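Comments concern the structure below.
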4 protein chains.
Amino acid sequence: MNEARVIVAGASGFAGALAASLVHRHPRLELAAATARADAGTRLDRLYPRYRVPMELTELDLDRAIGADAAMVAYPHGAAAEVVARFVEAGLAVVDISADFRLHDIASYEETYGDHGAPDLLSDAVYGLTELHRDQVREARLVANPGCYPTAALLALAPLAEAGLAGDVVISAASGVSGAGRSGGDRLHFVSLDENFTPYGVDGHRHLPEIVQELERLGGSADGVTFVPHLLPLDQGLMASCFVSPQREVGAGEVRRLYRDRYDGEPFIEVVDDPPGVREVRDTNLCRVHVAVDEVTGRVIAFAAIDNLWKGAAGQAVQNLNLMLGFEETEGLW
Amino acid sequence: MNEARVIVAGASGFAGALAASLVHRHPRLELAAATARADAGTRLDRLYPRYRVPMELTELDLDRAIGADAAMVAYPHGAAAEVVARFVEAGLAVVDISADFRLHDIASYEETYGDHGAPDLLSDAVYGLTELHRDQVREARLVANPGCYPTAALLALAPLAEAGLAGDVVISAASGVSGAGRSGGDRLHFVSLDENFTPYGVDGHRHLPEIVQELERLGGSADGVTFVPHLLPLDQGLMASCFVSPQREVGAGEVRRLYRDRYDGEPFIEVVDDPPGVREVRDTNLCRVHVAVDEVTGRVIAFAAIDNLWKGAAGQAVQNLNLMLGFEETEGLW
Amino acid sequence: MNEARVIVAGASGFAGALAASLVHRHPRLELAAATARADAGTRLDRLYPRYRVPMELTELDLDRAIGADAAMVAYPHGAAAEVVARFVEAGLAVVDISADFRLHDIASYEETYGDHGAPDLLSDAVYGLTELHRDQVREARLVANPGCYPTAALLALAPLAEAGLAGDVVISAASGVSGAGRSGGDRLHFVSLDENFTPYGVDGHRHLPEIVQELERLGGSADGVTFVPHLLPLDQGLMASCFVSPQREVGAGEVRRLYRDRYDGEPFIEVVDDPPGVREVRDTNLCRVHVAVDEVTGRVIAFAAIDNLWKGAAGQAVQNLNLMLGFEETEGLW
Amino acid sequence: MNEARVIVAGASGFAGALAASLVHRHPRLELAAATARADAGTRLDRLYPRYRVPMELTELDLDRAIGADAAMVAYPHGAAAEVVARFVEAGLAVVDISADFRLHDIASYEETYGDHGAPDLLSDAVYGLTELHRDQVREARLVANPGCYPTAALLALAPLAEAGLAGDVVISAASGVSGAGRSGGDRLHFVSLDENFTPYGVDGHRHLPEIVQELERLGGSADGVTFVPHLLPLDQGLMASCFVSPQREVGAGEVRRLYRDRYDGEPFIEVVDDPPGVREVRDTNLCRVHVAVDEVTGRVIAFAAIDNLWKGAAGQAVQNLNLMLGFEETEGLW
């Protein structure tokens, strides 16, 4: 395929709107439609002036939509499954940015999110953390795009886990406000967040099962994962600070080599010599990773910084779609 | 003593300026002098308009200074020891806001900070985390005011440590920019920090030995402490997020009772039911503490939020001085 | 009266909550009740932790309420008039923080805000810009607390207007987000405002008639006022930058003297030598004023910086209530 | 010319670094060298990670430098003139981002900035506000790139001035902190600017003569210009809010048409229906303009929002260089 027509369903939210804008300026993708419920009739460049997508949001017309080549779905969890199923059935390449197909275990899904609208499709979905599942993504007809926290945490932890070095794991993460979405009422009012920094989700954040599922697959000790997110007073940016008791003693040099080797040649992963700031990756699909060893305790400390809307959502969705469509992985992402 | 005349040495930095302002508006303290080197001759309310202290900064005149009743020293580490020694010798009650007398072990001090200007005084200094050493502070002639990170981390961990429950400890902390001080060049330029969030001090932050020293004293397992600070894009506020593998299994209820009992009656510690945001304690001497248990891993998660300039520096300094002078502990701090 | 019991109606909004907190910590006021509709049943210190008012919000019970000595009403415009009328009728001293009694001309009110619920009371209401109407405030039974923009703009312009020097007037103002209130949907989402700065209300902001009414009273040329507000990416703080073509040539020295003389002895007005930043007055009832003359064009440039929630709302409301109750004007405001 | 080799002199400052990055990713420009004094030896992507220019800063070697095809000079004012002269002499196309060649009148320059290092070149320099001087830029060998405030103010005012409608002019502008440069000491410390908003330069900002010079050329009434800038607590973004008393009565419709016609076809100017926020143009070379008429006073109110580092500095510099080299004006700027 040389070019593909893409529908973005749920383009009025933060991730969906960025997805629509990335499709719009992609050299080989054409934005066939951008849909939304509440904001149908509004132009996308009125809702998000800085994305400059001169297209009116419309209500989803499934009959027309299935004429497209691919679809990206950025619905709230629970609402995506049925639409995704229709798209898959119609033969579109689908990247689901919602949480609906990330967990392979239906019981785990239902415990975390409630009823599932298309459980039969779960086994078909490929978990789209591109750097971990590239080959499967290429062959997939449905990619479940990872959550923002799992993306950063797993990229910080994967080299350790694959080497059998991830013992107990503590993930202390922090995200900019766009990660919390457009609908949040008082909690996301400027005045609630300005000059503030707050832990949340301490009782169990919905992204934890996703992290555990993938760490297990990589060989990591999954039952030992503690994950606490915090809300940062900034727009875009996410940091996962990971503390790992390795299963055997490792030195700083060995760990650094492990990370450099693992991510060698990865277009979007930069292993860096100093702890990265989230500003360094803002508005990019990059993940900057830094790893160190606490000499006294032997703990490995690994950081991953991403832009939660890019590598943590819409950017990685396009990265996956590129692979599904046989395009260059980085196309439209610089 | 009914009233006391206090000199604040080093009043041009962030902590010193707030200390001067707290003394200035304290009902029983009189600001005898506010000294500074580079900014001598400048009025404090020109340098810090919002503190509204209508006094000119002067160079330190030791002969005059020792006529005061008490001194607060907010010098850079290394520069304080000699001046502190002179004040102590002259019989003033001294609160040293610098790091010079926080570590009891001279070897540990020298490894962390370099040469010490008054090692003989080390054994006289009381570590002024008020809630842990209140009785000694009352009797002290020299109080070493704790660092901002140790204050929050220790208040988050003390009840566990005292109960013999602090096994491995991970402290992921984050501070507003005022904690980094006035002199920082490019690193503290608005443009470097705005929309950014960065880990630092991963190779070993200077506050770690202080945390370890006190945890050991409380009975905690000191060798297991990993501490990583992050820089937040806000002015005042500090959060210590602590992850502890307890030495035996504990339930959420037990832990919560432990914290409520430990801090019962403490005027400046609020044990709260939800994770606190740093905005809740801004411009106060309060520390808000929240504790939870990760049901899956059994880890205890404890948070402490403070204002790094208040409870993390100048506020706690006044709290300590109040005790040293026989005043009500909370006087001048509401 | 030695002490007064005060009800704050509408205490769940930003201005009302601060008013409740100022009453709560006032040495001579007692917070009799804090009312709210949507948030009734919630404790105020849960909604606004930093204000630390340990009181549950209740629905307004008029029969009980009129047993209080005074009332502050912080309702949305249009909703206040009827409640205010009931309080006045029952003999309470009333400060209305809403816009309902600010405009003396009913036609002007209706054009700006719509129907009025108690037009008969309009003539009784005193416009509570304290520094302009102190004597009337003392005698008033109903004070209409000014809007935040008018407070700053009028304090910046009053000395000129009183001297017959205010010709054409341009007011370019900017306010922190708390001035826009708690209910604002997407427009006040953190992501909409972060790193942004936007003019608004260009078609005619509701505060313009208020500014014009008072400037006319002061002798200023009212028909020449252009007022444009902007939204700042910060919480509290408001700046009015005023550009005035004086009716005769004036020098910088003359104008400065005019301002110093006019505000001499005013406890909350500081005439300063440099343009003030809004941070200098944050969390205070102060207004910092600076005046300069553009030597080339002869225009007078006057700035006034306030905290929009304090001097621009709840702080001035307490200042007015102090006068109405015969207390010291500054009581409870430092 | 198909491709050009460009040296960026002064690439360690904010504007120079962005210029280097824009050259680096430009399809037809090659970054020949990026020079700096204090930071020579440091890689640009270490100093500015987010620009991702993998090149080491070097000291300027004039002999090698004049082998390039073009130069952009981002020195402090006063320091640029001599280097610019050498580059022009050697036949390079030069865009000077400093202030040294913006004022045609040497007396005006000296009064504003001090001695000039190459006064003979002043008459050769073309003032590079591209939309006003496009044809001359095309033919120029030296373009004086405009200041950030003049760029926005003049784009907001030009249609009025060209139509003979700019009577008295008040410009109330606000800029993000990057506009103040990298060297600024305490004044640009995060803590000085966070939650703050401050007018400055009230005694006469250096950009005023530049605004006056160009307004005069456009036929505007130059002696009536008052200009006051303010510092915003954000990184990139600049708003010029302009208030103009037109020389004859004009209606909103007429003025809107005037602006739409004037900027029709301009690739970087967007005339919009609502007042723009600076966030809408961040990280772009766009200028969003909105114009309205105050119905009561008849004043025209015009806003222009730009990114001070892009259209206000490095972006416009590339736009000009594109024209000088015969490239498409927009090349490398989307």
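As shown in the structure tokens, the chain order sets the letters A, B, ...; within each chain, residues go from 1, and ligands are also counted from 1 in the order they appear.
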
Could you produce a table of the residues of chain C lying within 8 Å of chain D, with the nearest pair of atoms per residue and their separation in Å rounded to one decimal, using only C-alpha atoms, ordered by chain and increasing residue number, as CSV?
```
residue,atom,partner,partner_atom,distance
C:Val170,CA,D:Phe243,CA,7.5
C:Ser172,CA,D:Ser172,CA,6.7
C:Glu195,CA,D:Leu234,CA,5.1
C:Asn196,CA,D:Arg279,CA,4.8
C:Phe197,CA,D:Gly277,CA,5.3
C:Thr198,CA,D:Gly277,CA,4.2
C:Pro199,CA,D:Pro275,CA,5.8
C:Tyr200,CA,D:Pro275,CA,6.5
C:Val202,CA,D:Ala292,CA,7.4
C:Asp203,CA,D:Asp294,CA,7.1
C:Gly204,CA,D:Asp294,CA,7.9
C:Asp223,CA,D:Thr297,CA,6.6
C:Gly224,CA,D:Thr297,CA,5.6
C:Val225,CA,D:Thr297,CA,6.9
C:Thr226,CA,D:Thr297,CA,6.9
C:Leu232,CA,D:Leu232,CA,7.8
C:Pro233,CA,D:Pro233,CA,7.0
C:Leu234,CA,D:Glu195,CA,5.1
C:Asp235,CA,D:Glu195,CA,7.1
C:Gln236,CA,D:Glu195,CA,7.7
C:Gly237,CA,D:Asn196,CA,7.7
C:Met239,CA,D:Phe197,CA,7.7
C:Ser241,CA,D:Ser172,CA,8.0
C:Phe243,CA,D:Val170,CA,7.5
C:Pro275,CA,D:Pro199,CA,5.8
C:Pro276,CA,D:Thr198,CA,6.1
C:Gly277,CA,D:Thr198,CA,4.2
C:Val278,CA,D:Asn196,CA,5.4
C:Arg279,CA,D:Asn196,CA,4.8
C:Ala292,CA,D:Val202,CA,7.5
C:Asp294,CA,D:Thr226,CA,7.0
C:Val296,CA,D:Asp223,CA,7.2
C:Thr297,CA,D:Gly224,CA,5.6
C:Arg299,CA,D:Thr226,CA,7.6
```

Writing out the chosen residues with N, CA, C and O atoms as a tab-separated table (two decimals), in the first residue's frame:
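Result file is result-v4.tsv:
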```tsv
chain	number	residue	atom	x	y	z
C	170	VAL	N	-6.96	53.90	28.57
C	170	VAL	CA	-6.88	52.52	28.09
C	170	VAL	C	-6.42	51.66	29.26
C	170	VAL	O	-5.41	51.95	29.90
C	172	SER	N	-5.32	47.90	30.08
C	172	SER	CA	-4.96	46.57	29.62
C	172	SER	C	-4.66	45.78	30.88
C	172	SER	O	-3.67	46.02	31.56
C	195	GLU	N	1.02	27.67	29.91
C	195	GLU	CA	1.86	28.25	28.84
C	195	GLU	C	1.04	29.08	27.85
C	195	GLU	O	1.45	29.28	26.71
C	196	ASN	N	-0.08	29.58	28.29
C	196	ASN	CA	-0.92	30.38	27.42
C	196	ASN	C	-1.13	31.77	28.02
C	196	ASN	O	-0.87	32.00	29.20
C	197	PHE	N	-1.59	32.68	27.20
C	197	PHE	CA	-1.91	34.05	27.61
C	197	PHE	C	-2.87	34.56	26.56
C	197	PHE	O	-2.52	34.61	25.38
C	198	THR	N	-4.08	34.90	26.97
C	198	THR	CA	-5.13	35.17	26.00
C	198	THR	C	-5.95	36.39	26.40
C	198	THR	O	-6.40	36.48	27.54
C	199	PRO	N	-6.15	37.32	25.47
C	199	PRO	CA	-7.11	38.40	25.74
C	199	PRO	C	-8.52	37.81	25.66
C	199	PRO	O	-8.74	36.80	24.99
C	200	TYR	N	-9.44	38.44	26.34
C	200	TYR	CA	-10.84	37.99	26.23
C	200	TYR	C	-11.76	39.17	26.54
C	200	TYR	O	-11.29	40.25	26.88
C	202	VAL	N	-13.29	41.11	24.70
C	202	VAL	CA	-13.00	42.29	23.88
C	202	VAL	C	-14.29	42.99	23.45
C	202	VAL	O	-14.32	44.20	23.25
C	203	ASP	N	-15.37	42.22	23.36
C	203	ASP	CA	-16.66	42.81	22.96
C	203	ASP	C	-17.31	43.61	24.08
C	203	ASP	O	-18.40	44.14	23.91
C	204	GLY	N	-16.70	43.65	25.22
C	204	GLY	CA	-17.31	44.38	26.32
C	204	GLY	C	-17.38	43.51	27.55
C	204	GLY	O	-18.30	42.72	27.71
C	223	ASP	N	-16.35	58.49	29.01
C	223	ASP	CA	-16.66	57.88	27.71
C	223	ASP	C	-15.42	57.41	26.97
C	223	ASP	O	-15.52	56.73	25.96
C	224	GLY	N	-14.27	57.77	27.48
C	224	GLY	CA	-13.07	57.38	26.77
C	224	GLY	C	-12.40	56.11	27.26
C	224	GLY	O	-11.26	55.86	26.94
C	225	VAL	N	-13.10	55.29	28.06
C	225	VAL	CA	-12.43	54.13	28.66
C	225	VAL	C	-12.50	52.89	27.77
C	225	VAL	O	-13.58	52.43	27.42
C	226	THR	N	-11.34	52.37	27.43
C	226	THR	CA	-11.28	51.06	26.77
C	226	THR	C	-10.63	50.09	27.74
C	226	THR	O	-9.59	50.40	28.33
C	232	LEU	N	-4.03	35.04	32.61
C	232	LEU	CA	-2.63	34.68	32.90
C	232	LEU	C	-2.52	33.23	33.37
C	232	LEU	O	-3.39	32.76	34.09
C	233	PRO	N	-1.42	32.57	33.04
C	233	PRO	CA	-1.24	31.20	33.53
C	233	PRO	C	-0.69	31.17	34.95
C	233	PRO	O	0.42	30.70	35.19
C	234	LEU	N	-1.46	31.67	35.87
C	234	LEU	CA	-1.11	31.61	37.29
C	234	LEU	C	-2.41	31.61	38.07
C	234	LEU	O	-3.48	31.84	37.51
C	235	ASP	N	-2.31	31.34	39.34
C	235	ASP	CA	-3.49	31.16	40.19
C	235	ASP	C	-4.07	32.50	40.65
C	235	ASP	O	-5.14	32.92	40.21
C	236	GLN	N	-3.34	33.20	41.51
C	236	GLN	CA	-3.85	34.44	42.09
C	236	GLN	C	-2.94	35.61	41.71
C	236	GLN	O	-1.73	35.54	41.86
C	237	GLY	N	-3.54	36.70	41.30
C	237	GLY	CA	-2.78	37.89	40.96
C	237	GLY	C	-3.45	38.62	39.83
C	237	GLY	O	-3.96	37.98	38.90
C	239	MET	N	-3.13	42.41	37.45
C	239	MET	CA	-2.43	43.64	37.14
C	239	MET	C	-3.31	44.49	36.24
C	239	MET	O	-3.82	44.00	35.22
C	241	SER	N	-2.78	47.62	33.91
C	241	SER	CA	-1.83	48.54	33.29
C	241	SER	C	-2.65	49.61	32.58
C	241	SER	O	-3.35	49.30	31.61
C	243	PHE	N	-3.20	53.39	30.72
C	243	PHE	CA	-2.56	54.39	29.87
C	243	PHE	C	-3.51	55.56	29.73
C	243	PHE	O	-4.60	55.40	29.20
C	275	PRO	N	7.75	49.27	38.81
C	275	PRO	CA	6.53	48.54	38.46
C	275	PRO	C	6.44	47.27	39.29
C	275	PRO	O	7.41	46.50	39.39
C	276	PRO	N	5.34	47.04	39.95
C	276	PRO	CA	5.21	45.88	40.85
C	276	PRO	C	4.89	44.61	40.07
C	276	PRO	O	4.28	44.65	39.00
C	277	GLY	N	5.31	43.46	40.62
C	277	GLY	CA	4.86	42.17	40.10
C	277	GLY	C	3.72	41.68	40.96
C	277	GLY	O	3.65	41.99	42.16
C	278	VAL	N	2.84	40.89	40.39
C	278	VAL	CA	1.68	40.43	41.15
C	278	VAL	C	2.07	39.50	42.31
C	278	VAL	O	1.37	39.39	43.31
C	279	ARG	N	3.24	38.87	42.17
C	279	ARG	CA	3.70	37.97	43.25
C	279	ARG	C	3.96	38.73	44.54
C	279	ARG	O	3.92	38.15	45.62
C	292	ALA	N	4.08	56.39	36.21
C	292	ALA	CA	5.19	56.94	35.44
C	292	ALA	C	4.62	57.82	34.33
C	292	ALA	O	3.41	57.79	34.07
C	294	ASP	N	5.26	58.79	30.26
C	294	ASP	CA	5.97	58.55	29.00
C	294	ASP	C	6.42	59.92	28.49
C	294	ASP	O	5.60	60.72	28.04
C	296	VAL	N	7.93	61.01	25.94
C	296	VAL	CA	7.74	61.38	24.53
C	296	VAL	C	6.30	61.76	24.23
C	296	VAL	O	6.02	62.79	23.62
C	297	THR	N	5.38	60.94	24.69
C	297	THR	CA	3.98	61.19	24.34
C	297	THR	C	3.24	61.96	25.42
C	297	THR	O	2.13	62.44	25.19
C	299	ARG	N	1.93	60.64	27.91
C	299	ARG	CA	0.93	59.77	28.56
C	299	ARG	C	1.35	59.39	29.97
C	299	ARG	O	2.52	59.16	30.24
```

Practice prompt. As an MDAnalysis selection string, list the residues of range 100-298 of chain A assigned to helix (DSSP H, G or I) by DSSP on the backbone atoms of this structure.
Written response: chainID A and resid 106:113 119:124 130:139 148:162 177:180 185:188 190:193 208:217 222:224 252:263 278:281

Fill in: Surrounding residues of Gly164 in chain B excluding itself and chain neighbours under 3 positions, 8 Å, only C-alpha atoms, as a ChimeraX atom specification
/B:160-161,219-220,247

Discussion item. Please return, as a PyMOL selection string, all residues of range 31-221 of chain B that DSSP assigns to strand (DSSP E) on the basis of the backbone.
Written reply: chain B and resi 31-35+70-73+93-96+126-127+142-144+169-175+198-199

Just-selected residues, C-alpha atoms written as a PDB file, in the first residue's frame:
```pdb
ATOM      1  CA  LEU B  31      14.928  40.886  64.432  1.00  0.00           C
ATOM      2  CA  ALA B  32      18.181  42.397  65.712  1.00  0.00           C
ATOM      3  CA  ALA B  33      19.988  42.178  62.380  1.00  0.00           C
ATOM      4  CA  ALA B  34      19.794  40.460  59.026  1.00  0.00           C
ATOM      5  CA  THR B  35      23.195  39.940  57.456  1.00  0.00           C
ATOM      6  CA  ALA B  70      19.823  33.998  69.611  1.00  0.00           C
ATOM      7  CA  ALA B  71      21.082  33.441  66.098  1.00  0.00           C
ATOM      8  CA  MET B  72      19.879  31.614  63.029  1.00  0.00           C
ATOM      9  CA  VAL B  73      22.588  30.863  60.505  1.00  0.00           C
ATOM     10  CA  ALA B  93      20.962  30.054  71.360  1.00  0.00           C
ATOM     11  CA  VAL B  94      21.859  28.971  67.849  1.00  0.00           C
ATOM     12  CA  VAL B  95      19.857  27.272  65.114  1.00  0.00           C
ATOM     13  CA  ASP B  96      22.104  26.391  62.205  1.00  0.00           C
ATOM     14  CA  VAL B 126      21.057  18.395  68.490  1.00  0.00           C
ATOM     15  CA  TYR B 127      19.477  17.250  65.244  1.00  0.00           C
ATOM     16  CA  LEU B 142      23.038  24.448  69.220  1.00  0.00           C
ATOM     17  CA  VAL B 143      20.383  22.923  66.986  1.00  0.00           C
ATOM     18  CA  ALA B 144      21.281  21.578  63.570  1.00  0.00           C
ATOM     19  CA  VAL B 169      13.406   1.701  51.927  1.00  0.00           C
ATOM     20  CA  VAL B 170      13.020   3.549  48.632  1.00  0.00           C
ATOM     21  CA  ILE B 171      12.460   7.303  48.813  1.00  0.00           C
ATOM     22  CA  SER B 172      11.387   8.988  45.599  1.00  0.00           C
ATOM     23  CA  ALA B 173      11.142  12.659  46.415  1.00  0.00           C
ATOM     24  CA  ALA B 174      10.385  15.855  44.527  1.00  0.00           C
ATOM     25  CA  SER B 175      11.022  19.452  45.461  1.00  0.00           C
ATOM     26  CA  THR B 198      14.025  15.933  36.205  1.00  0.00           C
ATOM     27  CA  PRO B 199      15.605  13.426  38.570  1.00  0.00           C
TER      28      PRO B 199
END
```

Fill in: Contacts of Ala20 in chain C at 8 Å (only C-alpha atoms; same-chain gap of 3+ positions) as a list in words
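Selected residues are Val8, Ala11, Gly16, Ala17, Val23, His24, Leu31, Ala34 and Val53 of chain C.
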
Discussion item. With distances taken over only C-alpha atoms, which residue among B:Asn322, B:Ser108, B:Thr284, B:Asn308 lies nearest Val212 in chain B?
Written reply: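 With only C-alpha atoms as the atom set, the closest residue is B:Ser108.
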
Need to verify the contact set: range 313-319 of chain C, 6 Å, only C-alpha atoms, exclusion of same-chain residues closer than 5 positions in sequence. Can you return it as a short mmCIF file (atom, residue, chain, number, x, y, z; two decimals) with N, CA, C and O atoms, in the first residue's frame?
```cif
data_model
loop_
_atom_site.label_atom_id
_atom_site.label_comp_id
_atom_site.auth_asym_id
_atom_site.auth_seq_id
_atom_site.Cartn_x
_atom_site.Cartn_y
_atom_site.Cartn_z
N ALA C 15 -13.95 32.83 45.85
CA ALA C 15 -14.03 34.02 46.68
C ALA C 15 -14.73 33.70 48.00
O ALA C 15 -14.30 34.12 49.07
N ALA C 19 -13.34 33.98 51.76
CA ALA C 19 -14.06 34.81 52.73
C ALA C 19 -14.33 34.01 54.00
O ALA C 19 -14.12 34.50 55.12
N ASN C 285 -3.95 41.60 51.24
CA ASN C 285 -4.99 42.55 50.83
C ASN C 285 -4.40 43.83 50.25
O ASN C 285 -5.09 44.82 50.06
N GLU C 329 -10.01 48.68 60.61
CA GLU C 329 -10.16 48.31 59.19
C GLU C 329 -9.27 47.13 58.78
O GLU C 329 -9.62 46.33 57.92
#
```

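As for CA of Val83 in chain A and CA of Tyr48 in chain A, they are spaced 24.6 Å apart.
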
Item to complete: Could you check how far CA of Asp261 in chain C sits from CA of Pro159 in chain C, in Å to one decimal?
Response: 8.9 Å

Response to the item:
CA of Ser123 in chain A sits from CA of Arg141 in chain A at a separation of 11.5 Å

Discussion item. Taking 4 positions as the minimum chain separation for residues in the same chain, which residues sit within 12 Å of His116 in chain D when counting only C-alpha atoms? Answer as a list in words.
Written reply: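 Everything that qualifies: His77, Gly78, Ala79, Ala80, Ala81, Glu82, Val84, Ala85, Ala99, Asp100, Phe101, Arg102, Leu103, His104, Asp105, Ile106, Ala107, Ser108, Tyr109, Glu110, Glu111, Thr112, Asp120, Leu121 and Leu122 of chain D.
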
Item to complete: Write out as JSON, numbers by chain each polymer residue whose atoms come within 10 Å of Glu162 in chain A, counting only C-alpha atoms; drop sequence neighbours fewer than 6 positions from it.
Response: {"A": [215, 216, 217, 218, 219, 220, 258, 262]}
